[in-house]
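Quick notes on the structure that follows.
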Amino acid sequence: MENKQGNILGTQPIGQLLLKFAVPSIIAMQVSALYNIVDQIFIGHSVGVLGNAATNVAFPLSTVCVALCLLFGVGGAANFNLCMGAGDKERARHFVGNAVALLLLSGILLSLFSFILLEPMMRFFGATPDVLGYALEYTGITLWGFPFLIIANGGANLVRADGSPKYSMMCMLVGAIINTVLDPLFIFGFDMGMKGAAWATVIGQVVSGLMVIVYLSHMKTVKLSLSDLKLSGKRVVQITSLGLAGCFNQLAMMVVQITMNNTLTYYGGKSAYGSEIPLACAGIIAKVNMIYFSIIIGISQGLQPIVSFNYGARKYGRVHDTYRLALISATVVSTLAFLCFQLFPRQITSLFGQGSEEYFRFAENYFRTFLFFTFLNGIQPITSNFFTAIGKATRGAVLALTRQIIFLLPLILILPMLIGIDGVMYAGPVADFAAAVLAFVMGFISLKQLRKMEAETNLLEE
């Protein structure tokens, strides 16, 4: 990219920029979500309800991977764009190198740790005796792909920050296509079952990861050297501070997922549904909701380089306009998702295989109740990532924790004690509404501050 006066992030119309950066990011996030969706669809049709339950049990580890991607990928990209906006290419290069090193190192360590504690983790994540074997079989293979998954998804943020959102999208797309082609071949053609789905996923992740590594070794705006990979304590702190919001949100989702799995298993066993039906349905709904939410996250990631660069360049009016447009776009998408979840829950569930009438009835109730306030769910992640993009890491991190930890987790524990398994369903809309209201208030205050800063900057320039 050019210097800060000529960089497109500071000159092109906001609408064009948000489309340019958000659409590839959305596609990349959709593709990432499809890894889990495609596996679950084929597993549901080949293994059945127990296979779907097993992928739900394994899901928290995938959430940890995403958390690390956001911690180091988004944190590194935000620092990179802030430095580029201020015209400091050397510091920008150092941040990219440290972010790459952190992504690679964290992926290797997570895999090793998970191999050692795999069975206890699967039990802790909510696996019943009937589900445990499937969960161990699937997760024991997918762990091999974690380092590549983390460098692919985390590095994609750095690729977008360098001004190549289309290449970032292609990295994810190629891996997903490979996974989609290999899934039916391995599962049905070679009769590999859960193992086939796992190996198809790993192979796709390896290809995506290698594509990102190739790009990062030949970036457009800066030239990386091996010395840039040497970790600096100060840079690590700066990277993690700006990546904490997204990371905390994902870790919070993992904690909630584990708690929900165990709650559904326990209270499901006391209901007419049994333990496995709620566990399987919750997994399906989480994956489907992830398809919608990946669009929201894609929009929030698309605003990051635009907001970070213009904030660093003191173009506060453009920062204000980008945040507002992203918020409107996310609300439109959220409303469409809400309509789908309310109108077509049985049809969506049937994509993942067949089951009993109790299975479909529980899924319908879960969709319509737990996701009732979906139309408000774009406000919190957009606002949280906005604060991260302007360097206000603490606000972003606190806001990221509101829905999952502050509101949803206590409700999941308390409401089932009062009304049984239905309490899990009602916890969702209450938490969504409370988090959206808080994010709206914080965002409104920030918009007023940006307008004031814009006016002050204009006076100084006159």
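Every chain in the structure tokens takes a letter, A first, then B, and so on in the order presented; its residues are numbered from 1, and the ligands are numbered from 1 following the presented order.
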Extract, using only C-alpha atoms, all DNA, RNA and protein residues at most 12 Å from Phe59 in chain A, discarding same-chain residues fewer than 2 positions from it, and format them as an MDAnalysis selection string. chainID A and resid 33 35:37 39:40 52:57 61:66 121:122 125:127 135 138:139 142:143 250:251 253:258 261 279:280 282:284 286:287 290
With the cut-off set at 12 Å and counting only C-alpha atoms, tabulate each residue of range 307-426 of chain A with an atom at most that distance from an atom of range 147-162 of chain A, showing the nearest atom pair and its distance in Å to one decimal, ordered by chain and increasing number, as a Markdown table.
| residue | atom | partner | partner_atom | distance |
| --- | --- | --- | --- | --- |
| A:Val307 | CA | A:Ala161 | CA | 11.4 |
| A:Ser308 | CA | A:Ala161 | CA | 9.9 |
| A:Phe309 | CA | A:Ala161 | CA | 9.7 |
| A:Ala389 | CA | A:Ala161 | CA | 11.7 |
From the options A:Phe293, A:Phe42, A:Tyr273, A:Phe433, which residue's atoms come nearest to Phe372 in chain A, counting only C-alpha atoms?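 Once distances to Phe372 in chain A are computed over only C-alpha atoms, the minimum belongs to A:Phe433.
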Please identify which residues in range 218-424 of chain A DSSP calls alpha helix (DSSP H) from the backbone, and express them as a PyMOL selection string. chain A and resi 233-269+276-312+316-343+345-350+357-370+379-389+393-401+409-419+422-424
So how far away is CA of Gly10 in chain A from CA of Asn98 in chain A, in Å? 25.8 Å
Find the spatial neighbours of Lys315 in chain A, counting only C-alpha atoms, within a cut-off of 8 Å - ignore same-chain residues fewer than 4 positions away - and output them as a ChimeraX atom specification. /A:10,310-311,319,454
May I have the selected residues written with C-alpha atoms, as a compact mmCIF listing (two decimals), in the first residue's frame?
# COMPACT_ATOMS: atom_id res chain seq x y z
CA GLY A 10 -8.19 6.59 3.82
CA ASN A 310 -8.42 5.95 9.66
CA TYR A 311 -8.26 6.20 13.44
CA VAL A 319 -14.28 5.88 11.46
CA GLU A 454 -13.78 15.07 14.19
One-decimal distance in Å that lies between CA of Gly378 in chain A and CA of Thr331 in chain A: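 We find that CA of Thr331 in chain A and CA of Gly378 in chain A lie 5.6 Å from each other.
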Nearest to Pro305 in chain A, chosen from A:Ala78, A:Ala436, A:Met170, A:Ile328, with only C-alpha atoms counted in the distances: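 Checking each candidate against Pro305 in chain A, we get A:Ala78 as the closest.
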Wanna dump the range 29-142 of chain A-range 353-356 of chain A contacts at 7 Å for me, each residue with its shortest atom pair and the distance in Å to one decimal, counting only C-alpha atoms, ordered by chain and number, as a tab-separated table?
residue	atom	partner	partner_atom	distance
A:Ile41	CA	A:Gly353	CA	7.0
A:Gly44	CA	A:Gly353	CA	4.9
A:His45	CA	A:Gly353	CA	4.8
A:Gly48	CA	A:Gly353	CA	6.7
Filtering to C-alpha atoms, could you give me those residues as a CSV table (one decimal), in the first residue's frame?
chain,number,residue,atom,x,y,z
A,41,ILE,CA,-24.2,-33.4,7.6
A,44,GLY,CA,-25.5,-37.4,10.5
A,45,HIS,CA,-26.5,-39.3,7.5
A,48,GLY,CA,-26.8,-40.8,13.0
